[in-house]
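See structure below.
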Amino acid sequence: MKVAIIGAGMSGLACAAVLAEHGLEPHLFDKSRGVGGRMATRRIETTLGTATFDHGAQFLVAHDAAFQDELRRWRLAGAAAPWPAAGGDAWVGVPATNSIPKHMADGFAISFETHVHSLARRPSGWFLQSVGRIAGPYDAVVIALPAEQAAALLGMHCLSMARVAVETPSTPCWTLMCAFAEPLPGPSILQDRGIIAWAARNNSKAGRDGPDAWTVHATADWSSQHLEEDKQAVAATLLDHFTRIIGTRCPDPLVHTAHRWRFALASTSGRGALWDAALALGACGDWLVAPTIEGAWLSGRQLAREIIEGHDLGRVGTAQRRTG
Ligand SMILES: Cc1cc2nc3c(=O)[nH]c(=O)nc-3n(C[C@H](O)[C@H](O)[C@H](O)COP(=O)(O)OP(=O)(O)OC[C@H]3O[C@@H](n4cnc5c(N)ncnc54)[C@H](O)[C@@H]3O)c2cc1C
């Protein structure tokens with residue numbers, strides 16, 4: 001059974017892993033140049049070496065027993081390590097947040113820079129349409145995207161699944177990345193300082209070299225109000241707020257830039273995953289479980305199990321018809 005998975009973030013990769021374990025053939029598609037989605041890392045050259053910024057998800061916490069086991073495996077593989085600065089239960093990818101999705105993606109068929117804009121269901125199976133390319137046929141399709149992006153693809157084929165996605169909106173997040181020649185004074189994590197919800201010294205995480213690199217997230221309210229503003233103007237405003245928090249000893253940055261996460265933190269439907277066996281179409285993502293890396297992982301695995309159960313039932317039915 002060939003399954004197309006649109007989105008190679010945590011939920012899509014977790015779904016692919018379970019499908020592959022059961023002998024199905026996942027093929028992932030992502031519009032970006034790499035895996036990980038919001039588990040993202042940006043590297044920027046400075047006069048003092050490469051500054052590394054985990055500019056999306058900051059750390060992960062494992063509550064679920066199966067996810068704790070998975071985290072142990074990532075640690076053994078050298079892809080994850082604790083981050084004591086964020087608390088006794090906080091973990092990060094090593095040497096970057098996207099090391100975990102890269103580790104998970106090893107061996108999978110993935111088409112990068114492929115923005116899937118529509119799906120077509122024909123008698124031979126599902127086809128994915130992106131600019132200049134049609135891929136297929138596939139026996140099933142998994143949509144592993146933020147709710148707003150999932151809604152656009154689901155709406156063409158299943159209004160009830162699309163409605164769940166539409167009713168589960170996300171909040172945006174403007175992120176400042178800035179690096180300094182000298183380590184800034186004070187703690188490595190700052191929270192809830194006016195329009196700044198979170199700021200973290202990236203090189204306080206395991207395996208990060210280079211200059212003192214800070215990721216600074218604006219609050220959801222401020223990000224919403226300034227969503228369509230120019231990137232450099234937003235970077236300048238956030239830098240001004242951040243340096244005022246640090247105080248008079250804050251030097252000029254070596255580099256600074258901003259990134260807009262239009263769909264950053266999900267609200268949640270609590271549905272786990274969506275699967276329509278008759279259509280062979282489903283959706284997974286953090287918005288179906290919890291707005292976290294763990295939530296995305298759990299959703300991807302749940303959807304894979306539902307696909308496998310349907311696939312196994314289909315095979316039993318076929319065998320019974322043959323013997324009958
Ligand atoms: C600023 C920020 C801070 C966060 N902090 C934390 C944290 O500290 N701890 C935590 O646990 N979680 C955190 N999160 C949330 C966490 O990152 C997400 O819950 C999780 O990574 C979601 O995974 P996902 O697979 O559901 O979606 P995504 O990671 O969004 O993956 C979706 C993928 O689909 C691709 N895509 C989108 N549209 C298309 C298309 N049409 N065709 C092809 N590909 C497409 C994207 O490129 C992306 O790779 C944070 C998120 C943000 C943005």
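If you're wondering about the labels, chains in the structure tokens are A, B, ... by order shown, residues count from 1 in each chain, ligands from 1 in order shown.
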List all protein, DNA and RNA residues that have an atom no more than 6 Å from any atom of ligand 1, counting only C-alpha atoms and all ligand atoms, and report them as a ChimeraX atom specification. /A:6-12,29-32,35-39,56-60,114-117,144-146,149,173,261,264-265,285-286,291-294,296
His22 in chain A environment, 12 Å, only C-alpha atoms, sequence neighbours closer than 5 positions dropped, as a CSV table (one decimal) with N, CA and C atoms, in the first residue's frame:
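Here's the written file around37.csv:
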chain,number,residue,atom,x,y,z
A,1,MET,N,0.8,-1.2,0.0
A,1,MET,CA,0.0,0.0,0.0
A,1,MET,C,0.9,1.2,0.0
A,2,LYS,N,0.7,2.1,-1.0
A,2,LYS,CA,1.5,3.3,-1.1
A,2,LYS,C,0.7,4.5,-0.5
A,15,CYS,N,4.0,9.4,11.5
A,15,CYS,CA,3.0,8.6,10.8
A,15,CYS,C,3.8,7.7,9.8
A,16,ALA,N,4.8,8.2,9.1
A,16,ALA,CA,5.6,7.4,8.1
A,16,ALA,C,6.3,6.3,8.8
A,17,ALA,N,6.8,6.6,10.0
A,17,ALA,CA,7.6,5.5,10.7
A,17,ALA,C,6.7,4.3,11.0
A,304,ALA,N,-1.6,6.6,11.7
A,304,ALA,CA,-0.9,5.4,11.0
A,304,ALA,C,-1.6,4.1,11.5
A,305,ARG,N,-1.9,4.0,12.8
A,305,ARG,CA,-2.6,2.8,13.3
A,305,ARG,C,-3.9,2.6,12.7
A,307,ILE,N,-4.9,3.7,9.7
A,307,ILE,CA,-4.7,3.3,8.3
A,307,ILE,C,-4.4,1.8,8.3
A,308,ILE,N,-3.5,1.3,9.2
A,308,ILE,CA,-3.1,-0.1,9.2
A,308,ILE,C,-4.2,-1.0,9.5
A,309,GLU,N,-5.0,-0.6,10.5
A,309,GLU,CA,-6.2,-1.4,10.9
A,309,GLU,C,-7.1,-1.6,9.7
A,311,HIS,N,-6.3,-1.4,6.5
A,311,HIS,CA,-5.6,-2.1,5.5
A,311,HIS,C,-5.6,-3.6,5.9
A,312,ASP,N,-5.4,-3.9,7.2
A,312,ASP,CA,-5.4,-5.3,7.6
A,312,ASP,C,-6.8,-5.9,7.4
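CA of Gly136 in chain A to CA of Trp287 in chain A spans 27.2 Å [interatomic distance, one decimal].
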Write out as an mmCIF file with C-alpha atoms, in the first residue's frame each polymer residue whose atoms come within 6 Å of Leu176 in chain A, counting only C-alpha atoms; drop sequence neighbours fewer than 5 positions from it.
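Contents of around03.cif, freshly written:
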data_model
loop_
_atom_site.group_PDB
_atom_site.id
_atom_site.type_symbol
_atom_site.label_atom_id
_atom_site.label_comp_id
_atom_site.auth_asym_id
_atom_site.auth_seq_id
_atom_site.Cartn_x
_atom_site.Cartn_y
_atom_site.Cartn_z
ATOM 1 C CA THR A 215 15.835 33.328 19.817
ATOM 2 C CA VAL A 216 13.157 35.794 20.920
ATOM 3 C CA ALA A 235 13.241 42.684 13.704
ATOM 4 C CA THR A 257 16.664 39.114 11.515
ATOM 5 C CA ALA A 258 13.081 37.993 12.013
#
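For the atom pair formed by CA of Ile44 in chain A and CA of Asn203 in chain A, the distance is 13.6 Å, given to one decimal.
The shortest atom-to-atom distance to Ile245 in chain A, with only C-alpha atoms taken into account, belongs to A:Ile196 out of A:Ala218, A:Val92, A:Leu119, A:Ile196.
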Who sits within 10 Å of Gly78 in chain A, only C-alpha atoms, same chain under 3 positions skipped, as a list in words: Arg72, Arg73, Trp74, Arg75, Ala81, Gly93, Val94, Pro95, Ser99, Ile100 and His103 of chain A
